[in-house]
file work_24.cif (mmCIF, C-alpha atoms)
data_model
loop_
_atom_site.group_PDB
_atom_site.id
_atom_site.type_symbol
_atom_site.label_atom_id
_atom_site.label_comp_id
_atom_site.auth_asym_id
_atom_site.auth_seq_id
_atom_site.Cartn_x
_atom_site.Cartn_y
_atom_site.Cartn_z
ATOM 1 C CA MET P 1 20.314 9.832 4.253
ATOM 2 C CA ASN P 2 17.559 11.160 1.961
ATOM 3 C CA ILE P 3 16.766 7.613 0.848
ATOM 4 C CA THR P 4 16.573 6.433 4.464
ATOM 5 C CA ILE P 5 14.133 9.209 5.288
ATOM 6 C CA GLY P 6 12.151 8.487 2.133
ATOM 7 C CA ILE P 7 11.579 4.817 2.950
ATOM 8 C CA LEU P 8 10.659 5.632 6.566
ATOM 9 C CA ILE P 9 8.051 8.283 5.714
ATOM 10 C CA PRO P 10 5.300 5.738 4.834
ATOM 11 C CA PHE P 11 5.970 3.874 8.092
ATOM 12 C CA LEU P 12 5.509 7.148 9.959
ATOM 13 C CA GLY P 13 2.087 7.513 8.331
ATOM 14 C CA THR P 14 1.061 4.062 9.593
ATOM 15 C CA THR P 15 2.349 4.826 13.090
ATOM 16 C CA LEU P 16 0.469 8.125 13.323
ATOM 17 C CA GLY P 17 -2.706 6.452 12.105
ATOM 18 C CA ALA P 18 -2.356 3.630 14.621
ATOM 19 C CA ALA P 19 -1.902 6.255 17.355
ATOM 20 C CA CYS P 20 -5.534 7.295 16.857
ATOM 21 C CA VAL P 21 -6.484 4.413 19.133
ATOM 22 C CA LEU P 22 -4.743 6.186 22.008
ATOM 23 C CA PHE P 23 -6.958 9.260 21.734
ATOM 24 C CA MET P 24 -10.281 8.010 20.353
ATOM 25 C CA GLN P 25 -12.770 6.146 22.508
ATOM 26 C CA ASN P 26 -15.002 4.505 19.936
ATOM 27 C CA GLU P 27 -14.517 2.458 16.788
ATOM 28 C CA LEU P 28 -14.518 4.366 13.512
ATOM 29 C CA ARG P 29 -17.988 4.869 12.066
ATOM 30 C CA PRO P 30 -18.760 2.985 8.828
ATOM 31 C CA ARG P 31 -19.049 6.254 6.881
ATOM 32 C CA ILE P 32 -15.586 7.335 8.047
ATOM 33 C CA GLN P 33 -14.111 3.916 7.318
ATOM 34 C CA LYS P 34 -15.457 4.035 3.779
ATOM 35 C CA ALA P 35 -14.115 7.552 3.283
ATOM 36 C CA LEU P 36 -10.660 6.503 4.459
ATOM 37 C CA LEU P 37 -10.666 3.367 2.318
ATOM 38 C CA GLY P 38 -11.767 5.377 -0.711
ATOM 39 C CA PHE P 39 -9.068 7.977 -0.186
ATOM 40 C CA ALA P 40 -6.387 5.295 0.218
ATOM 41 C CA SER P 41 -7.592 3.587 -2.972
ATOM 42 C CA GLY P 42 -7.427 6.816 -4.960
ATOM 43 C CA VAL P 43 -3.892 7.535 -3.786
ATOM 44 C CA MET P 44 -2.702 4.029 -4.678
ATOM 45 C CA VAL P 45 -4.246 4.083 -8.159
ATOM 46 C CA ALA P 46 -2.745 7.487 -8.985
ATOM 47 C CA ALA P 47 0.639 6.444 -7.572
ATOM 48 C CA SER P 48 0.565 3.283 -9.682
ATOM 49 C CA VAL P 49 0.026 5.310 -12.850
ATOM 50 C CA TRP P 50 2.140 8.446 -12.385
ATOM 51 C CA SER P 51 4.933 7.112 -10.169
ATOM 52 C CA LEU P 52 5.310 3.589 -11.547
ATOM 53 C CA LEU P 53 3.721 2.741 -14.915
ATOM 54 C CA ILE P 54 4.523 5.978 -16.756
ATOM 55 C CA PRO P 55 8.193 6.002 -15.615
ATOM 56 C CA SER P 56 8.404 2.320 -16.593
ATOM 57 C CA MET P 57 7.434 3.151 -20.178
ATOM 58 C CA GLU P 58 9.576 6.297 -20.278
ATOM 59 C CA MET P 59 12.681 4.248 -19.412
ATOM 60 C CA VAL P 60 12.254 2.180 -22.580
ATOM 61 C CA SER P 61 11.023 4.966 -24.846
ATOM 62 C CA ASP P 62 13.622 3.894 -27.414
ATOM 63 C CA MET P 63 11.434 0.806 -28.035
ATOM 64 C CA GLY P 64 8.897 3.115 -29.663
ATOM 65 C CA LYS P 65 5.416 1.637 -29.942
ATOM 66 C CA LEU P 66 6.601 -1.470 -28.083
ATOM 67 C CA SER P 67 7.519 0.465 -24.932
ATOM 68 C CA PHE P 68 4.386 -0.924 -23.303
ATOM 69 C CA ILE P 69 5.870 -4.435 -23.142
ATOM 70 C CA PRO P 70 7.910 -4.097 -19.891
ATOM 71 C CA ALA P 71 5.005 -2.283 -18.239
ATOM 72 C CA ALA P 72 2.484 -4.938 -19.300
ATOM 73 C CA VAL P 73 4.698 -7.898 -18.374
ATOM 74 C CA GLY P 74 5.746 -6.488 -15.010
ATOM 75 C CA PHE P 75 2.170 -5.487 -14.212
ATOM 76 C CA ALA P 76 0.904 -9.005 -14.909
ATOM 77 C CA PHE P 77 3.574 -10.558 -12.696
ATOM 78 C CA GLY P 78 2.763 -8.081 -9.911
ATOM 79 C CA ILE P 79 -0.892 -9.109 -10.003
ATOM 80 C CA GLY P 80 0.108 -12.782 -9.982
ATOM 81 C CA PHE P 81 2.505 -12.306 -7.069
ATOM 82 C CA LEU P 82 -0.120 -10.717 -4.819
ATOM 83 C CA LEU P 83 -2.685 -13.297 -5.917
ATOM 84 C CA LEU P 84 -0.284 -16.006 -4.741
ATOM 85 C CA LEU P 85 0.358 -14.292 -1.400
ATOM 86 C CA ASP P 86 -3.382 -13.797 -0.949
ATOM 87 C CA GLN P 87 -3.888 -17.539 -1.365
ATOM 88 C CA LEU P 88 -1.031 -18.529 0.955
ATOM 89 C CA ILE P 89 -0.982 -16.080 3.883
ATOM 90 C CA PRO P 90 -3.772 -16.659 6.426
ATOM 91 C CA HIS P 91 -5.561 -13.359 6.993
ATOM 92 C CA LEU P 92 -8.935 -11.863 7.840
ATOM 93 C CA HIS P 93 -10.327 -8.673 6.351
ATOM 94 C CA MET P 94 -12.312 -6.088 8.230
ATOM 95 C CA ASN P 95 -16.050 -6.884 8.475
ATOM 96 C CA SER P 96 -15.394 -10.402 7.161
ATOM 97 C CA LYS P 97 -16.189 -13.587 9.070
ATOM 98 C CA GLU P 98 -14.248 -16.017 6.872
ATOM 99 C CA ALA P 99 -10.456 -16.103 6.855
ATOM 100 C CA GLU P 100 -8.529 -16.351 3.594
ATOM 101 C CA GLY P 101 -5.284 -18.094 2.731
ATOM 102 C CA ILE P 102 -3.990 -21.400 4.077
ATOM 103 C CA PRO P 103 -6.135 -22.598 7.016
ATOM 104 C CA ALA P 104 -4.417 -21.800 10.315
ATOM 105 C CA ARG P 105 -5.391 -21.701 13.966
ATOM 106 C CA LEU P 106 -4.620 -18.055 14.575
ATOM 107 C CA LYS P 107 -6.380 -15.427 16.640
ATOM 108 C CA LYS P 108 -8.763 -13.111 14.847
ATOM 109 C CA THR P 109 -6.640 -10.101 15.818
ATOM 110 C CA THR P 110 -3.516 -11.736 14.379
ATOM 111 C CA MET P 111 -5.209 -12.397 11.055
ATOM 112 C CA LEU P 112 -6.528 -8.825 10.936
ATOM 113 C CA VAL P 113 -2.943 -7.598 11.286
ATOM 114 C CA PHE P 114 -1.792 -10.046 8.595
ATOM 115 C CA ALA P 115 -4.412 -8.612 6.221
ATOM 116 C CA VAL P 116 -3.032 -5.074 6.544
ATOM 117 C CA THR P 117 0.544 -6.364 6.418
ATOM 118 C CA LEU P 118 -0.296 -8.066 3.127
ATOM 119 C CA HIS P 119 -1.548 -4.704 1.814
ATOM 120 C CA ASN P 120 1.678 -3.013 2.846
ATOM 121 C CA ILE P 121 4.028 -5.359 0.976
ATOM 122 C CA PRO P 122 3.467 -3.826 -2.490
ATOM 123 C CA GLU P 123 3.633 -0.307 -1.063
ATOM 124 C CA GLY P 124 7.053 -1.021 0.423
ATOM 125 C CA MET P 125 8.172 -2.498 -2.875
ATOM 126 C CA ALA P 126 6.914 0.547 -4.764
ATOM 127 C CA VAL P 127 8.868 2.962 -2.563
ATOM 128 C CA GLY P 128 11.947 0.767 -2.758
ATOM 129 C CA VAL P 129 12.003 0.410 -6.531
ATOM 130 C CA VAL P 130 11.451 4.145 -7.082
ATOM 131 C CA TYR P 131 14.325 5.078 -4.785
ATOM 132 C CA ALA P 132 16.419 2.377 -6.442
ATOM 133 C CA GLY P 133 15.719 4.119 -9.751
ATOM 134 C CA VAL P 134 17.102 7.357 -8.317
ATOM 135 C CA LEU P 135 20.060 5.617 -6.665
ATOM 136 C CA TYR P 136 21.152 3.696 -9.736
ATOM 137 C CA GLY P 137 20.925 6.507 -12.227
ATOM 138 C CA HIS P 138 17.440 6.563 -13.726
ATOM 139 C CA GLN P 139 16.890 10.227 -12.901
ATOM 140 C CA ALA P 140 15.641 10.883 -16.427
ATOM 141 C CA SER P 141 12.466 9.004 -15.567
ATOM 142 C CA ILE P 142 12.504 9.100 -11.750
ATOM 143 C CA THR P 143 13.610 12.159 -9.820
ATOM 144 C CA ALA P 144 14.352 12.405 -6.117
ATOM 145 C CA ALA P 145 11.389 14.767 -5.821
ATOM 146 C CA GLY P 146 9.167 12.250 -7.604
ATOM 147 C CA ALA P 147 10.312 9.496 -5.239
ATOM 148 C CA LEU P 148 9.559 11.767 -2.295
ATOM 149 C CA ALA P 149 6.102 12.446 -3.723
ATOM 150 C CA LEU P 150 5.410 8.708 -3.805
ATOM 151 C CA SER P 151 6.618 8.310 -0.209
ATOM 152 C CA LEU P 152 4.426 11.190 0.948
ATOM 153 C CA GLY P 153 1.421 9.887 -0.973
ATOM 154 C CA ILE P 154 1.723 6.409 0.520
ATOM 155 C CA ALA P 155 2.261 7.913 3.993
ATOM 156 C CA ILE P 156 -0.965 9.887 3.590
ATOM 157 C CA GLN P 157 -2.944 6.800 2.677
ATOM 158 C CA ASN P 158 -1.163 4.777 5.396
ATOM 159 C CA PHE P 159 -2.584 7.091 8.046
ATOM 160 C CA PRO P 160 -6.154 5.799 7.626
ATOM 161 C CA GLU P 161 -4.859 2.238 7.236
ATOM 162 C CA GLY P 162 -3.109 2.502 10.610
ATOM 163 C CA ALA P 163 -6.328 3.732 12.205
ATOM 164 C CA ILE P 164 -8.429 1.111 10.437
ATOM 165 C CA ILE P 165 -6.343 -1.706 11.908
ATOM 166 C CA SER P 166 -5.784 -0.367 15.445
ATOM 167 C CA MET P 167 -9.355 0.789 16.133
ATOM 168 C CA PRO P 168 -11.031 -2.585 15.374
ATOM 169 C CA LEU P 169 -8.414 -4.326 17.519
ATOM 170 C CA ARG P 170 -9.405 -2.040 20.383
ATOM 171 C CA ALA P 171 -13.054 -2.841 19.682
ATOM 172 C CA GLU P 172 -12.188 -6.548 19.999
ATOM 173 C CA GLY P 173 -11.140 -5.878 23.599
ATOM 174 C CA MET P 174 -7.414 -5.365 23.142
ATOM 175 C CA ARG P 175 -5.661 -2.778 25.327
ATOM 176 C CA LYS P 176 -5.022 0.584 23.685
ATOM 177 C CA SER P 177 -1.249 0.260 23.947
ATOM 178 C CA LYS P 178 -1.276 -3.226 22.434
ATOM 179 C CA ALA P 179 -3.647 -2.200 19.639
ATOM 180 C CA PHE P 180 -1.326 0.715 18.837
ATOM 181 C CA LEU P 181 1.663 -1.651 18.801
ATOM 182 C CA TYR P 182 -0.071 -4.099 16.459
ATOM 183 C CA GLY P 183 -1.167 -1.292 14.156
ATOM 184 C CA THR P 184 2.383 0.042 14.054
ATOM 185 C CA LEU P 185 3.947 -3.367 13.463
ATOM 186 C CA SER P 186 1.655 -3.939 10.478
ATOM 187 C CA GLY P 187 3.596 -1.162 8.731
ATOM 188 C CA VAL P 188 7.086 -2.455 9.532
ATOM 189 C CA VAL P 189 7.007 -4.549 6.371
ATOM 190 C CA GLU P 190 7.076 -1.350 4.282
ATOM 191 C CA PRO P 191 10.549 0.004 5.168
ATOM 192 C CA LEU P 192 11.909 -3.556 5.245
ATOM 193 C CA GLY P 193 10.383 -4.314 1.859
ATOM 194 C CA ALA P 194 11.671 -1.025 0.470
ATOM 195 C CA LEU P 195 15.201 -1.709 1.717
ATOM 196 C CA LEU P 196 15.257 -5.249 0.337
ATOM 197 C CA THR P 197 13.919 -4.009 -3.004
ATOM 198 C CA ILE P 198 16.635 -1.344 -3.220
ATOM 199 C CA LEU P 199 19.330 -3.924 -2.461
ATOM 200 C CA ALA P 200 17.922 -6.413 -4.963
ATOM 201 C CA SER P 201 17.468 -3.774 -7.658
ATOM 202 C CA GLY P 202 21.232 -3.216 -7.740
ATOM 203 C CA PHE P 203 21.580 -6.661 -9.301
ATOM 204 C CA PHE P 204 18.719 -6.152 -11.766
ATOM 205 C CA ILE P 205 19.236 -2.615 -13.068
ATOM 206 C CA PRO P 206 18.256 -3.563 -16.666
ATOM 207 C CA LEU P 207 14.966 -4.900 -15.276
ATOM 208 C CA MET P 208 14.038 -1.619 -13.591
ATOM 209 C CA PRO P 209 11.079 -0.937 -15.954
ATOM 210 C CA TYR P 210 9.709 -4.386 -15.107
ATOM 211 C CA LEU P 211 10.201 -3.848 -11.369
ATOM 212 C CA LEU P 212 8.315 -0.532 -11.471
ATOM 213 C CA SER P 213 5.332 -2.038 -13.256
ATOM 214 C CA PHE P 214 5.511 -5.124 -11.008
ATOM 215 C CA ALA P 215 5.007 -2.862 -7.988
ATOM 216 C CA ALA P 216 2.146 -1.120 -9.786
ATOM 217 C CA GLY P 217 0.398 -4.416 -10.464
ATOM 218 C CA ALA P 218 0.814 -5.512 -6.852
ATOM 219 C CA MET P 219 -0.619 -2.231 -5.552
ATOM 220 C CA LEU P 220 -3.598 -2.290 -7.885
ATOM 221 C CA TYR P 221 -4.353 -5.876 -6.926
ATOM 222 C CA VAL P 222 -4.822 -4.721 -3.332
ATOM 223 C CA VAL P 223 -7.058 -1.856 -4.450
ATOM 224 C CA VAL P 224 -9.326 -3.932 -6.697
ATOM 225 C CA GLU P 225 -9.395 -7.102 -4.597
ATOM 226 C CA GLU P 226 -9.820 -5.610 -1.144
ATOM 227 C CA LEU P 227 -10.094 -1.844 -0.708
ATOM 228 C CA ILE P 228 -12.754 -1.005 -3.295
ATOM 229 C CA PRO P 229 -15.080 -3.908 -2.326
ATOM 230 C CA GLU P 230 -14.842 -2.914 1.361
ATOM 231 C CA MET P 231 -15.428 0.718 0.397
ATOM 232 C CA SER P 232 -18.512 -0.071 -1.688
ATOM 233 C CA GLU P 233 -20.426 -2.602 0.405
ATOM 234 C CA GLY P 234 -23.540 -1.575 2.295
ATOM 235 C CA LYS P 235 -24.626 2.012 2.812
ATOM 236 C CA HIS P 236 -22.620 5.221 2.292
ATOM 237 C CA SER P 237 -20.815 3.863 -0.797
ATOM 238 C CA ASN P 238 -20.948 7.320 -2.398
ATOM 239 C CA VAL P 239 -18.726 8.607 0.404
ATOM 240 C CA GLY P 240 -16.051 6.121 -0.621
ATOM 241 C CA THR P 241 -16.371 7.054 -4.296
ATOM 242 C CA ILE P 242 -15.985 10.767 -3.583
ATOM 243 C CA SER P 243 -13.027 10.092 -1.300
ATOM 244 C CA PHE P 244 -11.456 7.945 -4.026
ATOM 245 C CA ALA P 245 -11.608 10.906 -6.390
ATOM 246 C CA VAL P 246 -10.097 13.211 -3.768
ATOM 247 C CA GLY P 247 -7.254 10.778 -3.071
ATOM 248 C CA PHE P 248 -6.585 10.249 -6.776
ATOM 249 C CA VAL P 249 -6.425 13.978 -7.514
ATOM 250 C CA ALA P 250 -4.309 14.669 -4.419
ATOM 251 C CA MET P 251 -1.706 12.073 -5.417
ATOM 252 C CA MET P 252 -1.756 13.178 -9.055
ATOM 253 C CA ILE P 253 -1.094 16.796 -8.006
ATOM 254 C CA LEU P 254 1.587 15.737 -5.522
ATOM 255 C CA ASP P 255 3.455 13.612 -8.054
ATOM 256 C CA THR P 256 3.202 16.168 -10.857
ATOM 257 C CA ALA P 257 4.136 19.146 -8.685
ATOM 258 C CA LEU P 258 7.150 17.465 -7.042
ATOM 259 C CA GLY P 259 8.133 15.182 -9.895
#
call {"tool": "encode", "arguments": {"input": "work_24.cif", "output": "structure tokens"}}
result
Amino acid sequence: MNITIGILIPFLGTTLGAACVLFMQNELRPRIQKALLGFASGVMVAASVWSLLIPSMEMVSDMGKLSFIPAAVGFAFGIGFLLLLDQLIPHLHMNSKEAEGIPARLKKTTMLVFAVTLHNIPEGMAVGVVYAGVLYGHQASITAAGALALSLGIAIQNFPEGAIISMPLRAEGMRKSKAFLYGTLSGVVEPLGALLTILASGFFIPLMPYLLSFAAGAMLYVVVEELIPEMSEGKHSNVGTISFAVGFVAMMILDTALG
């Protein structure tokens, strides 16, 4: 039951964020968008380090100075995996006029949703692999409280992501209810990805350190490739930088205090 709640918490964050479209009349201002993107980036970077990479190396501490190997290998594969998805899945990022991925005749709103869905895949994997670590007996490196901290941290950064996808859809002329639905559906991949990762991890328990760092690499790819560039372009870039620091510290405190 605790695991079920844990993997649903990030989805709740997306849903609440998407619900902003039901109560707000106008599109988010650029300064607010940058602040939200910066905060989300900070949370994801801190989560990648404290909740994924450090536990990955702690699990193989008996390797001594070579304990970095699983973390480095898994991280590289995580980057490569998201790079591949980025090249294959047709999607359109906010404030961008050119679609990425395989050319496809899709609506602009559909590709905007695909972009956020692509971001959510590594977050779902991260939650899933951490709870798998708890479920299959890696409590020495991953505690239930630490897994909950990761879920809460991702839920916090999912709130602005939900708003960032639903509000532009509304601005494109979509009905509020439909924009809310699309924003919510963009987060469905997280609990599904988490569940599939937990199920798959049962067959690859010895590879748990690699799976943790794989999720970290995938998350950081999203941050470096998409979130930080969107946060930094144009005016008000300092707002994004400050928000990044706030998000990083908030997630670091959350993981350390609960972990």
call {"tool": "resolve_selection", "arguments": {"input": "work_24.cif", "expression": "the PyMOL selection byres ((chain P and resi 222-239) around 8)", "output": "list in words"}}
result
Pro30, Arg31, Gln33, Lys34, Ala35, Leu37, Gly38, Ser41, Met44, Val45, Leu82, Met94, His119, Ala218, Met219, Leu220, Tyr221, Gly240, Thr241, Ile242 and Ser243 of chain P
call {"tool": "resolve_selection", "arguments": {"input": "work_24.cif", "expression": "the PyMOL selection byres ((chain P and resi 154) around 8)", "output": "PyMOL selection string"}}
result
chain P and resi 10+13+43-44+123+150-153+155-158
call {"tool": "resolve_selection", "arguments": {"input": "work_24.cif", "expression": "the PyMOL selection byres ((chain P and resi 209) around 7)", "output": "ChimeraX atom specification"}}
result
/P:56-57,59,70-71,207-208,210-213
call {"tool": "atom_distance", "arguments": {"input": "work_24.cif", "atom1": "CA of Leu185 (chain P)", "atom2": "CA of Leu92 (chain P)"}}
result
16.4 Å
call {"tool": "residues_around", "arguments": {"input": "work_24.cif", "residues": "Val130 (chain P)", "least_positions_apart": "5", "cutoff": "8 Å", "atoms": "only C-alpha atoms", "output": "ChimeraX atom specification"}}
result
/P:51-52,142,147,212
call {"tool": "atom_distance", "arguments": {"input": "work_24.cif", "atom1": "CA of Ser186 (chain P)", "atom2": "CA of Met111 (chain P)"}}
result
10.9 Å
call {"tool": "residues_near_point", "arguments": {"input": "work_24.cif", "point": "(11.6, 4.0, 2.5)", "cutoff": "6 Å", "atoms": "all atoms listed in the file", "output": "list in words"}}
result
Thr4, Gly6, Ile7, Leu8, Val127, Pro191 and Ala194 of chain P
call {"tool": "atom_distance", "arguments": {"input": "work_24.cif", "atom1": "CA of Gly128 (chain P)", "atom2": "CA of Ala216 (chain P)"}}
result
12.2 Å
call {"tool": "axis_aligned_box", "arguments": {"input": "work_24.cif", "around": "region 106-118 of chain P", "padding_each_side": "5 Å", "output": "JSON"}}
result
{"center_x": -4.1, "center_y": -11.6, "center_z": 9.9, "size_x": 19.3, "size_y": 23.0, "size_z": 23.5}
call {"tool": "closest_residue", "arguments": {"input": "work_24.cif", "among": "P:Thr117, P:Tyr136, P:Met167, P:Leu83", "to": "Phe204 (chain P)", "atoms": "all atoms listed in the file"}}
result
P:Tyr136
call {"tool": "closest_residue", "arguments": {"input": "work_24.cif", "among": "P:Lys65, P:Arg170, P:His91, P:Arg175", "to": "Ala104 (chain P)", "atoms": "all atoms listed in the file"}}
result
P:His91
call {"tool": "residues_near_point", "arguments": {"input": "work_24.cif", "point": "(4.9, -6.9, -12.7)", "cutoff": "7 Å", "atoms": "all atoms listed in the file", "output": "PyMOL selection string"}}
result
chain P and resi 73-79+210-211+213-215+217
call {"tool": "residues_around", "arguments": {"input": "work_24.cif", "residues": "Asp86 (chain P)", "least_positions_apart": "3", "cutoff": "9 Å", "atoms": "only C-alpha atoms", "output": "list in words"}}
result
Phe81, Leu82, Leu83, Ile89, Pro90, His91, Glu100, Gly101, Ala115 and Leu118 of chain P
call {"tool": "residues_around", "arguments": {"input": "work_24.cif", "residues": "Ala144 (chain P)", "least_positions_apart": "4", "cutoff": "10 Å", "atoms": "all atoms listed in the file", "output": "PDB file with C-alpha atoms, in the coordinates of the input"}}
result
ATOM      1  CA  ASN P   2      17.559  11.160   1.961  1.00  0.00           C
ATOM      2  CA  ILE P   3      16.766   7.613   0.848  1.00  0.00           C
ATOM      3  CA  GLY P   6      12.151   8.487   2.133  1.00  0.00           C
ATOM      4  CA  VAL P 130      11.451   4.145  -7.082  1.00  0.00           C
ATOM      5  CA  TYR P 131      14.325   5.078  -4.785  1.00  0.00           C
ATOM      6  CA  GLY P 133      15.719   4.119  -9.751  1.00  0.00           C
ATOM      7  CA  VAL P 134      17.102   7.357  -8.317  1.00  0.00           C
ATOM      8  CA  LEU P 135      20.060   5.617  -6.665  1.00  0.00           C
ATOM      9  CA  GLN P 139      16.890  10.227 -12.901  1.00  0.00           C
ATOM     10  CA  LEU P 148       9.559  11.767  -2.295  1.00  0.00           C
ATOM     11  CA  ALA P 149       6.102  12.446  -3.723  1.00  0.00           C
ATOM     12  CA  LEU P 150       5.410   8.708  -3.805  1.00  0.00           C
ATOM     13  CA  LEU P 258       7.150  17.465  -7.042  1.00  0.00           C
ATOM     14  CA  GLY P 259       8.133  15.182  -9.895  1.00  0.00           C
TER      15      GLY P 259
END
